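The structure file final22.pdb is reproduced below (PDB, C-alpha atoms).
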ATOM      1  CA  MET O  18     108.794  99.653  71.341
ATOM      2  CA  SER O  19     108.733  99.960  75.122
ATOM      3  CA  TYR O  20     107.092 102.973  76.727
ATOM      4  CA  MET O  21     110.381 103.748  78.523
ATOM      5  CA  ASP O  22     112.169 104.153  75.178
ATOM      6  CA  LYS O  23     110.443 107.531  74.809
ATOM      7  CA  ILE O  24     111.923 109.237  77.861
ATOM      8  CA  GLN O  25     114.174 112.242  77.362
ATOM      9  CA  ILE O  26     117.427 112.610  79.307
ATOM     10  CA  LEU O  27     118.280 116.007  80.787
ATOM     11  CA  GLN O  28     121.553 117.089  82.389
ATOM     12  CA  GLN O  29     122.572 120.306  84.104
ATOM     13  CA  LYS O  30     125.727 121.790  82.615
ATOM     14  CA  GLN O  31     126.540 124.461  85.203
ATOM     15  CA  LEU O  32     125.834 125.568  88.760
ATOM     16  CA  LEU O  33     126.124 128.935  90.490
ATOM     17  CA  VAL O  34     128.418 129.233  93.511
ATOM     18  CA  LYS O  35     125.549 130.683  95.566
ATOM     19  CA  ASN O  36     123.808 127.308  95.329
ATOM     20  CA  LEU O  37     126.502 125.914  97.627
ATOM     21  CA  LEU O  38     125.039 128.019 100.435
ATOM     22  CA  GLU O  39     121.875 125.899 100.179
ATOM     23  CA  SER O  40     123.873 122.684 100.574
ATOM     24  CA  PRO O  41     124.419 120.843 103.904
ATOM     25  CA  PHE O  42     128.028 121.979 104.362
ATOM     26  CA  LYS O  43     127.433 124.830 106.859
ATOM     27  CA  LEU O  44     129.509 127.217 104.788
ATOM     28  CA  GLU O  45     130.493 130.611 106.159
ATOM     29  CA  GLN O  46     131.558 133.252 103.647
ATOM     30  CA  LEU O  47     134.853 134.993 104.450
ATOM     31  CA  THR O  48     134.894 137.333 101.471
ATOM     32  CA  ASN O  49     132.542 140.296 101.164
ATOM     33  CA  GLU O  50     128.849 139.637 100.685
ATOM     34  CA  ASN O  51     127.874 138.711  97.125
ATOM     35  CA  ILE O  52     131.519 138.483  96.029
ATOM     36  CA  GLY O  53     131.867 135.565  93.620
ATOM     37  CA  LEU O  54     128.389 134.130  94.301
ATOM     38  CA  SER O  55     127.463 134.452  90.637
ATOM     39  CA  ASN O  56     130.574 132.548  89.534
ATOM     40  CA  ILE O  57     129.771 129.411  87.556
ATOM     41  CA  ILE O  58     130.821 125.873  88.465
ATOM     42  CA  HIS O  59     131.296 123.772  85.317
ATOM     43  CA  ASP O  60     132.971 120.722  86.840
ATOM     44  CA  LYS O  61     131.765 118.415  89.614
ATOM     45  CA  ASN O  62     135.316 117.359  90.517
ATOM     46  CA  LEU O  63     137.329 119.031  93.304
ATOM     47  CA  TYR O  64     140.916 120.253  93.266
ATOM     48  CA  ARG O  65     143.658 120.538  95.912
ATOM     49  CA  PRO O  66     145.977 123.368  94.658
ATOM     50  CA  GLN O  67     149.131 122.184  96.421
ATOM     51  CA  LEU O  68     151.428 122.342  93.384
ATOM     52  CA  ALA O  69     149.891 125.617  92.175
ATOM     53  CA  LEU O  70     150.772 127.291  95.495
ATOM     54  CA  THR O  71     154.415 126.305  94.979
ATOM     55  CA  GLY O  72     154.415 128.063  91.597
ATOM     56  CA  TYR O  73     153.788 125.160  89.195
ATOM     57  CA  ILE O  74     150.558 125.825  87.272
ATOM     58  CA  GLY O  75     151.089 123.477  84.342
ATOM     59  CA  LEU O  76     148.385 121.072  85.533
ATOM     60  CA  PHE O  77     146.344 123.558  87.541
ATOM     61  CA  ASN O  78     142.606 123.043  86.941
ATOM     62  CA  HIS O  79     141.080 126.433  87.740
ATOM     63  CA  LYS O  80     137.579 125.397  86.617
ATOM     64  CA  GLN O  81     137.101 123.212  89.694
ATOM     65  CA  ILE O  82     136.313 124.203  93.273
ATOM     66  CA  GLN O  83     139.566 124.633  95.209
ATOM     67  CA  ILE O  84     139.824 122.856  98.579
ATOM     68  CA  PHE O  85     142.236 124.268 101.169
ATOM     69  CA  GLY O  86     142.986 121.818 103.964
ATOM     70  CA  HIS O  87     145.754 121.695 106.561
ATOM     71  CA  THR O  88     148.389 121.022 103.892
ATOM     72  CA  GLU O  89     147.636 124.167 101.885
ATOM     73  CA  CYS O  90     147.012 126.478 104.848
ATOM     74  CA  PHE O  91     150.059 125.424 106.897
ATOM     75  CA  TYR O  92     152.221 125.642 103.791
ATOM     76  CA  LEU O  93     151.143 129.275 103.381
ATOM     77  CA  ARG O  94     151.612 130.032 107.100
ATOM     78  CA  ASP O  95     155.230 128.888 107.006
ATOM     79  CA  MET O  96     156.040 131.549 104.403
ATOM     80  CA  PRO O  97     156.834 135.229 104.977
ATOM     81  CA  LEU O  98     153.813 137.433 104.210
ATOM     82  CA  GLU O  99     155.244 138.660 100.894
ATOM     83  CA  GLN O 100     155.743 135.111  99.587
ATOM     84  CA  ARG O 101     152.355 134.133 100.939
ATOM     85  CA  ILE O 102     150.721 136.906  98.910
ATOM     86  CA  LYS O 103     152.698 135.935  95.805
ATOM     87  CA  ALA O 104     151.716 132.263  96.129
ATOM     88  CA  PHE O 105     148.038 133.113  96.576
ATOM     89  CA  LYS O 106     148.072 135.545  93.644
ATOM     90  CA  ASN O 107     149.490 132.716  91.562
ATOM     91  CA  ILE O 108     146.131 130.935  91.698
ATOM     92  CA  ALA O 109     143.868 134.007  92.124
ATOM     93  CA  GLN O 110     144.853 135.181  88.638
ATOM     94  CA  PHE O 111     142.629 132.433  87.232
ATOM     95  CA  PRO O 112     138.769 132.516  87.142
ATOM     96  CA  ILE O 113     138.320 130.102  90.044
ATOM     97  CA  PRO O 114     134.672 129.344  90.983
ATOM     98  CA  CYS O 115     135.403 129.498  94.740
ATOM     99  CA  ILE O 116     137.725 128.388  97.541
ATOM    100  CA  ILE O 117     136.580 126.295 100.529
ATOM    101  CA  LEU O 118     138.660 126.100 103.712
ATOM    102  CA  THR O 119     138.128 123.014 105.857
ATOM    103  CA  ASN O 120     138.557 122.474 109.633
ATOM    104  CA  ASN O 121     137.492 126.089 110.361
ATOM    105  CA  LEU O 122     140.787 127.293 108.894
ATOM    106  CA  VAL O 123     141.143 130.949 107.905
ATOM    107  CA  LEU O 124     143.308 133.017 105.566
ATOM    108  CA  ASP O 125     145.146 136.257 106.256
ATOM    109  CA  LYS O 126     143.219 139.478 105.657
ATOM    110  CA  GLU O 127     145.639 140.310 102.829
ATOM    111  CA  LEU O 128     144.727 137.077 101.040
ATOM    112  CA  ILE O 129     141.004 137.648 101.567
ATOM    113  CA  ASP O 130     141.425 141.124 100.044
ATOM    114  CA  ILE O 131     143.058 139.541  96.980
ATOM    115  CA  ALA O 132     140.086 137.156  96.676
ATOM    116  CA  ASN O 133     137.671 140.096  96.943
ATOM    117  CA  ASP O 134     139.532 142.024  94.238
ATOM    118  CA  SER O 135     139.616 138.910  92.017
ATOM    119  CA  GLY O 136     135.903 138.158  92.477
ATOM    120  CA  ILE O 137     136.556 134.776  94.089
ATOM    121  CA  ALA O 138     134.278 133.658  96.922
ATOM    122  CA  VAL O 139     136.069 132.133  99.923
ATOM    123  CA  PHE O 140     134.154 129.952 102.382
ATOM    124  CA  LYS O 141     135.058 127.969 105.459
ATOM    125  CA  THR O 142     133.456 124.906 107.021
ATOM    126  CA  SER O 143     133.881 123.129 110.334
ATOM    127  CA  TYR O 144     134.089 119.730 108.632
ATOM    128  CA  ASN O 145     137.470 118.095 108.111
ATOM    129  CA  THR O 146     138.905 117.798 104.613
ATOM    130  CA  THR O 147     137.858 114.194 104.014
ATOM    131  CA  LYS O 148     134.245 114.785 105.069
ATOM    132  CA  THR O 149     134.058 118.053 103.140
ATOM    133  CA  GLN O 150     135.245 116.380  99.969
ATOM    134  CA  PHE O 151     132.799 113.502 100.437
ATOM    135  CA  LEU O 152     129.777 115.739 101.090
ATOM    136  CA  LEU O 153     130.670 118.228  98.391
ATOM    137  CA  SER O 154     131.333 115.492  95.821
ATOM    138  CA  GLU O 155     127.980 113.890  96.692
ATOM    139  CA  PHE O 156     126.187 117.227  96.302
ATOM    140  CA  LEU O 157     127.864 118.139  93.005
ATOM    141  CA  ASP O 158     127.389 114.624  91.639
ATOM    142  CA  ASP O 159     123.674 114.971  92.370
ATOM    143  CA  GLN O 160     123.436 118.408  90.743
ATOM    144  CA  PHE O 161     125.289 117.374  87.583
ATOM    145  CA  SER O 162     123.729 113.910  87.311
ATOM    146  CA  PRO O 163     121.582 113.034  84.286
ATOM    147  CA  GLN O 164     117.848 113.234  84.922
ATOM    148  CA  ALA O 165     114.752 111.931  83.186
ATOM    149  CA  VAL O 166     111.110 112.965  83.389
ATOM    150  CA  VAL O 167     108.676 110.038  83.222
ATOM    151  CA  HIS O 168     104.888 109.991  83.069
ATOM    152  CA  GLY O 169     103.824 107.390  85.607
ATOM    153  CA  SER O 170     103.132 106.571  89.241
ATOM    154  CA  PHE O 171     105.959 105.766  91.670
ATOM    155  CA  VAL O 172     105.099 103.796  94.830
ATOM    156  CA  ASP O 173     107.071 102.224  97.679
ATOM    157  CA  VAL O 174     105.661  98.690  98.015
ATOM    158  CA  TYR O 175     107.156  96.691 100.905
ATOM    159  CA  GLY O 176     110.274  98.854 100.632
ATOM    160  CA  ILE O 177     110.653  98.250  96.888
ATOM    161  CA  GLY O 178     110.384 101.253  94.557
ATOM    162  CA  ILE O 179     107.928 100.337  91.772
ATOM    163  CA  LEU O 180     107.300 102.677  88.845
ATOM    164  CA  PHE O 181     104.021 102.072  86.980
ATOM    165  CA  VAL O 182     104.076 103.258  83.367
ATOM    166  CA  GLY O 183     101.704 102.890  80.453
ATOM    167  CA  ARG O 184      99.477 104.858  78.148
ATOM    168  CA  SER O 185      97.470 107.771  79.518
ATOM    169  CA  GLY O 186      94.259 106.621  81.185
ATOM    170  CA  ILE O 187      95.256 102.980  81.609
ATOM    171  CA  GLY O 188      94.880 103.200  85.413
ATOM    172  CA  LYS O 189      98.306 104.000  86.887
ATOM    173  CA  SER O 190      97.002 106.487  89.469
ATOM    174  CA  GLU O 191      94.134 104.182  90.472
ATOM    175  CA  ILE O 192      96.587 101.334  91.127
ATOM    176  CA  ALA O 193      98.781 103.667  93.181
ATOM    177  CA  LEU O 194      95.725 104.846  95.155
ATOM    178  CA  ASP O 195      94.689 101.259  95.896
ATOM    179  CA  LEU O 196      98.225 100.447  97.094
ATOM    180  CA  ILE O 197      98.177 103.503  99.381
ATOM    181  CA  GLU O 198      94.871 102.302 100.820
ATOM    182  CA  ARG O 199      96.611  98.982 101.609
ATOM    183  CA  GLY O 200      99.341 100.767 103.584
ATOM    184  CA  HIS O 201     102.006 101.416 100.943
ATOM    185  CA  ARG O 202     103.565 104.824 100.280
ATOM    186  CA  LEU O 203     103.312 107.231  97.361
ATOM    187  CA  VAL O 204     106.521 108.818  96.077
ATOM    188  CA  ALA O 205     105.175 110.646  93.023
ATOM    189  CA  ASP O 206     102.238 110.568  90.652
ATOM    190  CA  ASP O 207     101.852 111.729  87.069
ATOM    191  CA  VAL O 208     105.283 113.392  86.792
ATOM    192  CA  VAL O 209     108.223 111.382  88.163
ATOM    193  CA  MET O 210     111.748 112.857  88.219
ATOM    194  CA  LEU O 211     114.469 110.195  87.940
ATOM    195  CA  THR O 212     118.103 111.009  88.761
ATOM    196  CA  LYS O 213     121.142 108.804  88.248
ATOM    197  CA  LYS O 214     123.128 108.578  91.492
ATOM    198  CA  ARG O 215     126.503 106.904  91.046
ATOM    199  CA  GLU O 216     126.869 104.182  88.428
ATOM    200  CA  SER O 217     124.134 101.716  89.358
ATOM    201  CA  LEU O 218     121.510 103.696  91.239
ATOM    202  CA  ILE O 219     118.418 105.558  90.025
ATOM    203  CA  MET O 220     116.545 107.729  92.542
ATOM    204  CA  GLY O 221     113.016 109.022  91.965
ATOM    205  CA  THR O 222     110.998 111.887  93.383
ATOM    206  CA  GLY O 223     108.093 114.134  92.477
ATOM    207  CA  THR O 224     108.102 117.771  91.384
ATOM    208  CA  SER O 225     107.810 120.845  93.603
ATOM    209  CA  LEU O 226     104.453 121.652  91.973
ATOM    210  CA  VAL O 227     102.693 118.280  91.971
ATOM    211  CA  LYS O 228     104.216 117.022  95.270
ATOM    212  CA  HIS O 229     101.805 114.316  96.505
ATOM    213  CA  PHE O 230      98.701 115.497  94.725
ATOM    214  CA  MET O 231      96.967 112.944  92.525
ATOM    215  CA  GLU O 232      94.469 113.210  89.686
ATOM    216  CA  ILE O 233      91.689 110.627  89.671
ATOM    217  CA  ARG O 234      89.665 110.698  86.469
ATOM    218  CA  GLY O 235      86.023 111.425  87.197
ATOM    219  CA  LEU O 236      86.848 112.721  90.695
ATOM    220  CA  GLY O 237      89.545 115.367  90.276
ATOM    221  CA  ILE O 238      92.608 116.339  92.322
ATOM    222  CA  ILE O 239      93.162 114.821  95.762
ATOM    223  CA  ASP O 240      95.948 115.388  98.312
ATOM    224  CA  ILE O 241      97.339 112.017  99.429
ATOM    225  CA  ARG O 242      99.221 113.453 102.430
ATOM    226  CA  GLN O 243      96.166 115.237 103.828
ATOM    227  CA  MET O 244      93.815 112.352 103.110
ATOM    228  CA  PHE O 245      95.914 109.381 104.303
ATOM    229  CA  GLY O 246      98.480 111.017 106.593
ATOM    230  CA  VAL O 247     102.212 111.588 106.470
ATOM    231  CA  ARG O 248     102.984 107.861 106.707
ATOM    232  CA  SER O 249     101.387 107.349 103.277
ATOM    233  CA  ILE O 250     104.068 109.322 101.410
ATOM    234  CA  ARG O 251     107.791 109.408 100.718
ATOM    235  CA  TYR O 252     109.836 112.219  99.236
ATOM    236  CA  GLN O 253     112.368 109.996  97.485
ATOM    237  CA  LYS O 254     112.939 106.323  96.730
ATOM    238  CA  ARG O 255     115.316 104.122  94.803
ATOM    239  CA  LEU O 256     113.854 102.796  91.554
ATOM    240  CA  GLU O 257     114.056  98.993  91.530
ATOM    241  CA  ILE O 258     111.210  97.738  89.330
ATOM    242  CA  ILE O 259     109.327  99.106  86.336
ATOM    243  CA  VAL O 260     105.842  97.698  85.779
ATOM    244  CA  GLU O 261     104.654  98.471  82.271
ATOM    245  CA  LEU O 262     100.868  98.193  82.059
ATOM    246  CA  LEU O 263      99.688  96.800  78.726
ATOM    247  CA  GLU O 264      96.207  96.213  77.389
ATOM    248  CA  TRP O 265      95.533  92.496  77.022
ATOM    249  CA  ASN O 266      96.001  91.156  73.499
ATOM    250  CA  ARG O 267      95.412  87.459  72.926
ATOM    251  CA  ASP O 268      97.881  87.491  70.023
ATOM    252  CA  ASP O 269     100.806  88.712  72.146
ATOM    253  CA  ASP O 270     103.148  86.467  74.093
ATOM    254  CA  TYR O 271     103.528  87.181  77.811
ATOM    255  CA  THR O 272     105.922  85.747  80.366
ATOM    256  CA  ARG O 273     104.485  82.585  81.930
ATOM    257  CA  ILE O 274     107.343  81.172  84.021
ATOM    258  CA  GLY O 275     109.681  84.109  84.643
ATOM    259  CA  LEU O 276     113.050  82.438  84.067
ATOM    260  CA  ASP O 277     114.265  85.192  81.759
ATOM    261  CA  GLU O 278     114.158  88.492  83.618
ATOM    262  CA  GLU O 279     113.577  91.555  81.458
ATOM    263  CA  ALA O 280     115.367  94.831  82.105
ATOM    264  CA  THR O 281     115.079  98.424  80.913
ATOM    265  CA  ASN O 282     118.163 100.579  80.485
ATOM    266  CA  ILE O 283     117.671 104.015  82.028
ATOM    267  CA  MET O 284     120.664 106.330  81.812
ATOM    268  CA  GLY O 285     122.999 103.336  81.711
ATOM    269  CA  VAL O 286     121.404 101.488  84.645
ATOM    270  CA  GLU O 287     119.551  98.198  84.119
ATOM    271  CA  ILE O 288     116.185  98.227  85.925
ATOM    272  CA  SER O 289     114.148  95.024  86.358
ATOM    273  CA  THR O 290     110.992  95.270  84.238
ATOM    274  CA  VAL O 291     107.650  93.452  84.312
ATOM    275  CA  LYS O 292     105.243  93.791  81.371
ATOM    276  CA  LEU O 293     101.812  93.245  82.853
ATOM    277  CA  PRO O 294      98.733  92.706  80.652
ATOM    278  CA  ILE O 295      95.574  94.059  82.241
ATOM    279  CA  PHE O 296      91.868  93.612  81.606
ATOM    280  CA  PRO O 297      88.674  94.289  83.606
ATOM    281  CA  GLY O 298      88.518  92.273  86.810
ATOM    282  CA  LYS O 299      92.238  91.618  87.114
ATOM    283  CA  ASN O 300      93.528  92.514  90.602
ATOM    284  CA  ILE O 301      96.630  94.532  89.673
ATOM    285  CA  THR O 302      97.154  95.775  93.237
ATOM    286  CA  VAL O 303      97.699  92.281  94.652
ATOM    287  CA  ILE O 304      99.901  91.398  91.683
ATOM    288  CA  ALA O 305     101.981  94.526  92.378
ATOM    289  CA  GLU O 306     102.496  93.353  95.964
ATOM    290  CA  VAL O 307     103.507  89.918  94.693
ATOM    291  CA  ILE O 308     105.973  91.525  92.262
ATOM    292  CA  ALA O 309     107.606  93.367  95.171
ATOM    293  CA  ILE O 310     107.783  90.278  97.398
ATOM    294  CA  ASN O 311     109.123  88.135  94.545
ATOM    295  CA  TYR O 312     111.829  90.759  93.925
ATOM    296  CA  LEU O 313     112.791  90.599  97.605
ATOM    297  CA  LEU O 314     112.971  86.808  97.479
ATOM    298  CA  ARG O 315     115.225  86.932  94.419
ATOM    299  CA  THR O 316     117.389  89.553  96.104
ATOM    300  CA  TYR O 317     117.889  87.170  99.039
ATOM    301  CA  GLY O 318     118.702  84.260  96.740
ATOM    302  CA  TYR O 319     115.360  82.473  96.241
ATOM    303  CA  ASN O 320     114.144  82.192  92.644
ATOM    304  CA  ALA O 321     110.839  80.311  92.460
ATOM    305  CA  ALA O 322     110.919  79.994  88.658
ATOM    306  CA  LYS O 323     114.392  78.441  88.692
ATOM    307  CA  ILE O 324     113.551  76.027  91.512
ATOM    308  CA  PHE O 325     110.409  74.890  89.684
ATOM    309  CA  SER O 326     112.397  74.489  86.453
ATOM    310  CA  ASP O 327     115.076  72.449  88.237
ATOM    311  CA  ASN O 328     112.443  70.174  89.828
ATOM    312  CA  LEU O 329     110.813  69.664  86.445
ATOM    313  CA  ALA O 330     114.157  68.790  84.845
ATOM    314  CA  VAL O 331     114.843  66.197  87.551
ATOM    315  CA  GLN O 332     111.376  64.657  87.039
ATOM    316  CA  ILE O 333     111.865  64.471  83.268
ATOM    317  CA  GLN O 334     115.278  62.835  83.704
ATOM    318  CA  GLN O 335     113.865  60.223  86.070
ATOM    319  CA  ASN O 336     111.077  59.365  83.644
ATOM    320  CA  LYS O 337     113.612  58.629  80.885
ATOM    321  CA  GLU O 338     114.548  55.373  82.614
ATOM    322  CA  PRO O 339     113.293  52.151  80.912
ATOM    323  CA  GLY O 340     109.809  51.137  81.974
ATOM    324  CA  SER O 341     109.029  54.464  83.586
ATOM    325  CA  ALA O 342     106.176  56.718  82.582
ATOM    326  CA  PHE O 343     105.300  60.212  83.677
ATOM    327  CA  ALA O 344     102.963  60.189  86.642
ATOM    328  CA  ASP O 345     102.743  63.244  88.859
ATOM    329  CA  GLN O 346     102.293  62.391  92.535
ATOM    330  CA  ARG O 347     100.264  63.957  95.280
ATOM    331  CA  HIS O 348     102.056  66.491  97.433
ATOM    332  CA  ILE O 349     101.220  64.359 100.500
ATOM    333  CA  SER O 350     101.183  60.583 100.590
ATOM    334  CA  TYR O 351      98.399  60.165 103.150
ATOM    335  CA  PHE O 352      95.247  62.168 103.976
ATOM    336  CA  GLN O 353      94.965  62.324 107.746
ATOM    337  CA  ALA O 354      91.726  62.361 109.709
ATOM    338  CA  ASP O 355      91.276  66.111 109.326
ATOM    339  CA  ASN O 356      88.634  66.351 106.594
ATOM    340  CA  GLU O 357      88.346  70.136 106.483
TER     341      GLU O 357
END
What does this structure look like when you write it as structure tokens?
Amino acid sequence: MSYMDKIQILQQKQLLVKNLLESPFKLEQLTNENIGLSNIIHDKNLYRPQLALTGYIGLFNHKQIQIFGHTECFYLRDMPLEQRIKAFKNIAQFPIPCIILTNNLVLDKELIDIANDSGIAVFKTSYNTTKTQFLLSEFLDDQFSPQAVVHGSFVDVYGIGILFVGRSGIGKSEIALDLIERGHRLVADDVVMLTKKRESLIMGTGTSLVKHFMEIRGLGIIDIRQMFGVRSIRYQKRLEIIVELLEWNRDDDYTRIGLDEEATNIMGVEISTVKLPIFPGKNITVIAEVIAINYLLRTYGYNAAKIFSDNLAVQIQQNKEPGSAFADQRHISYFQADNE
């Protein structure tokens, strides 16, 4: 069983409206202070209440954040005040989490009073409707995304996010420290928080407590940022490779050529995985750099294992001809005068 099979998936089920004030939307509250800030958001999707304002509430989803753009606001403005109030009350009767007005649009004082009485927070933002929906969807998707807590060390090696996992004490932190010394960047050590972003992307970061501290057995706690500088750390990184550190066992089979790439499924996303046997004297740091470079080469279309396999197949086919025998040739046909 792989070490990554043990991870537990966590997912947030709800979010308070007041958390939106900490988001990058530059929201300004139009209702009274604290009105509706404790309302709960259960759904990451957004809703445009155009039909509900006309009186049809058959498909009205009141559990989602309501977005008022030019369409909704100008529709209300074209009505007499009495009809405007009636249309707004039609949706305010439901327990809406909040209403967000885009393009710095505003509502009449009478409508804001209805929102206050109904306990519905109303915000406005300077962003247009399209950008507001994009940013808000990105934020809510992040908050409601599945997360996993992994014991390991997460390092940016040549721009590739490598997560080192393995049993406690096998040397994950020491490998990460050696990579930092060689100019690579630490994302997290010991406790790594993984979050699924969209359908094929896993992002990793550390925790607010551990940050970029690291425990080295026999030495204690060190602060990577203070010791190696700000260029030695990252706050977040995409997870691209998992390196599972295994103790060498002569009876186990390990990958020799690399034609068949292994993968680990984390929250529905396939992550390239390397199972690396270790023993005293093996330079894991250099191998980690090679893993990152090899991943880059494969990403750009060069697969060394496949090219070697193809060359071998051609050689075997040629040697099947009558009278031929296998004889490997020198890489060069003539040694020049340079005898170094």
Q: Please measure the separation of CA of Arg94 in chain O and CA of Ala69 in chain O, giving the value in Å to one decimal.
A: 15.7 Å
Q. In Å, how far is it from CA of His87 in chain O to CA of Gly75 in chain O?
A. 22.9 Å
Q.
Once the PyMOL selection byres ((chain O and resi 181) around 6) is applied to the coordinates I shared, what remains selected? I want it as a ChimeraX atom specification.
A. /O:169-170,180,182,260-261
For Lys61 in chain O, find every residue with an atom within 8 Å (counting all atoms listed in the file), except residues of its own chain fewer than 4 positions away, and show them as an mmCIF file with C-alpha atoms, in the coordinates of the input.
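Result saved to around.cif:
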data_model
loop_
_atom_site.group_PDB
_atom_site.id
_atom_site.type_symbol
_atom_site.label_atom_id
_atom_site.label_comp_id
_atom_site.auth_asym_id
_atom_site.auth_seq_id
_atom_site.Cartn_x
_atom_site.Cartn_y
_atom_site.Cartn_z
ATOM 1 C CA GLN O 81 137.101 123.212 89.694
ATOM 2 C CA SER O 154 131.333 115.492 95.821
ATOM 3 C CA LEU O 157 127.864 118.139 93.005
ATOM 4 C CA ASP O 158 127.389 114.624 91.639
ATOM 5 C CA PHE O 161 125.289 117.374 87.583
#
Q: Could you tell me which residues the PyMOL selection byres ((chain O and resi 183) around 10) returns for this structure, as an NGL selection string?
A: :O and (19-21 or 168-170 or 181-182 or 184-189 or 260-264 or 292-293)
Take the residues from that selection and write them out as a CSV table (one decimal), in the coordinates of the input, keeping C-alpha atoms.
chain,number,residue,atom,x,y,z
O,19,SER,CA,108.7,100.0,75.1
O,20,TYR,CA,107.1,103.0,76.7
O,21,MET,CA,110.4,103.7,78.5
O,168,HIS,CA,104.9,110.0,83.1
O,169,GLY,CA,103.8,107.4,85.6
O,170,SER,CA,103.1,106.6,89.2
O,181,PHE,CA,104.0,102.1,87.0
O,182,VAL,CA,104.1,103.3,83.4
O,184,ARG,CA,99.5,104.9,78.1
O,185,SER,CA,97.5,107.8,79.5
O,186,GLY,CA,94.3,106.6,81.2
O,187,ILE,CA,95.3,103.0,81.6
O,188,GLY,CA,94.9,103.2,85.4
O,189,LYS,CA,98.3,104.0,86.9
O,260,VAL,CA,105.8,97.7,85.8
O,261,GLU,CA,104.7,98.5,82.3
O,262,LEU,CA,100.9,98.2,82.1
O,263,LEU,CA,99.7,96.8,78.7
O,264,GLU,CA,96.2,96.2,77.4
O,292,LYS,CA,105.2,93.8,81.4
O,293,LEU,CA,101.8,93.2,82.9
Which residues, written as a PDB file with C-alpha atoms, keeping the file's coordinate frame, have at least one atom at most 10 Å from Ile131 in chain O, with all atoms listed in the file counted and residues fewer than 3 positions away on the same chain left out?
ATOM      1  CA  THR O  48     134.894 137.333 101.471  1.00  0.00           C
ATOM      2  CA  ILE O 102     150.721 136.906  98.910  1.00  0.00           C
ATOM      3  CA  PHE O 105     148.038 133.113  96.576  1.00  0.00           C
ATOM      4  CA  LYS O 106     148.072 135.545  93.644  1.00  0.00           C
ATOM      5  CA  ALA O 109     143.868 134.007  92.124  1.00  0.00           C
ATOM      6  CA  GLN O 110     144.853 135.181  88.638  1.00  0.00           C
ATOM      7  CA  LYS O 126     143.219 139.478 105.657  1.00  0.00           C
ATOM      8  CA  GLU O 127     145.639 140.310 102.829  1.00  0.00           C
ATOM      9  CA  LEU O 128     144.727 137.077 101.040  1.00  0.00           C
ATOM     10  CA  ASP O 134     139.532 142.024  94.238  1.00  0.00           C
ATOM     11  CA  SER O 135     139.616 138.910  92.017  1.00  0.00           C
ATOM     12  CA  GLY O 136     135.903 138.158  92.477  1.00  0.00           C
ATOM     13  CA  ILE O 137     136.556 134.776  94.089  1.00  0.00           C
TER      14      ILE O 137
END
Q) Using only C-alpha atoms, which residues sit within 12 Å of Phe91 in chain O once same-chain residues fewer than 6 positions away are excluded, as number ranges by chain? A) O: 67, 70, 85, 101, 118, 122-125
Give me the range 118-170 of chain O side of the contact with range 215-219 of chain O, cut-off 10 Å, one line per residue showing its nearest atom pair and distance in Å at one decimal, counting all atoms listed in the file, sorted by chain and residue number, as CSV.
residue,atom,partner,partner_atom,distance
O:Glu155,CA,O:Arg215,CA,9.1
O:Asp158,CA,O:Arg215,CA,7.8
O:Asp159,CA,O:Arg215,CA,8.7
O:Ser162,CA,O:Arg215,CA,8.4
O:Pro163,CA,O:Ile219,CA,9.9
O:Gln164,CA,O:Ile219,CA,9.2
Q | Residue among O:Asn133, O:Phe325, O:Leu203, O:Glu89 lying closest to Ile177 in chain O, counting only C-alpha atoms | A | O:Leu203
Q | Of the listed residues O:Ile304, O:Val204, O:Ile117, O:Leu329, that which approaches Arg248 in chain O most closely, counting only C-alpha atoms | A |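 Of O:Ile304, O:Val204, O:Ile117, O:Leu329, the one nearest Arg248 in chain O, counting only C-alpha atoms, is O:Val204.
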Q. Quick one: of O:Gln25, O:Val307, O:Ile129, O:Gln100, who's nearest to Leu211 in chain O, counting all atoms listed in the file?
A. O:Gln25
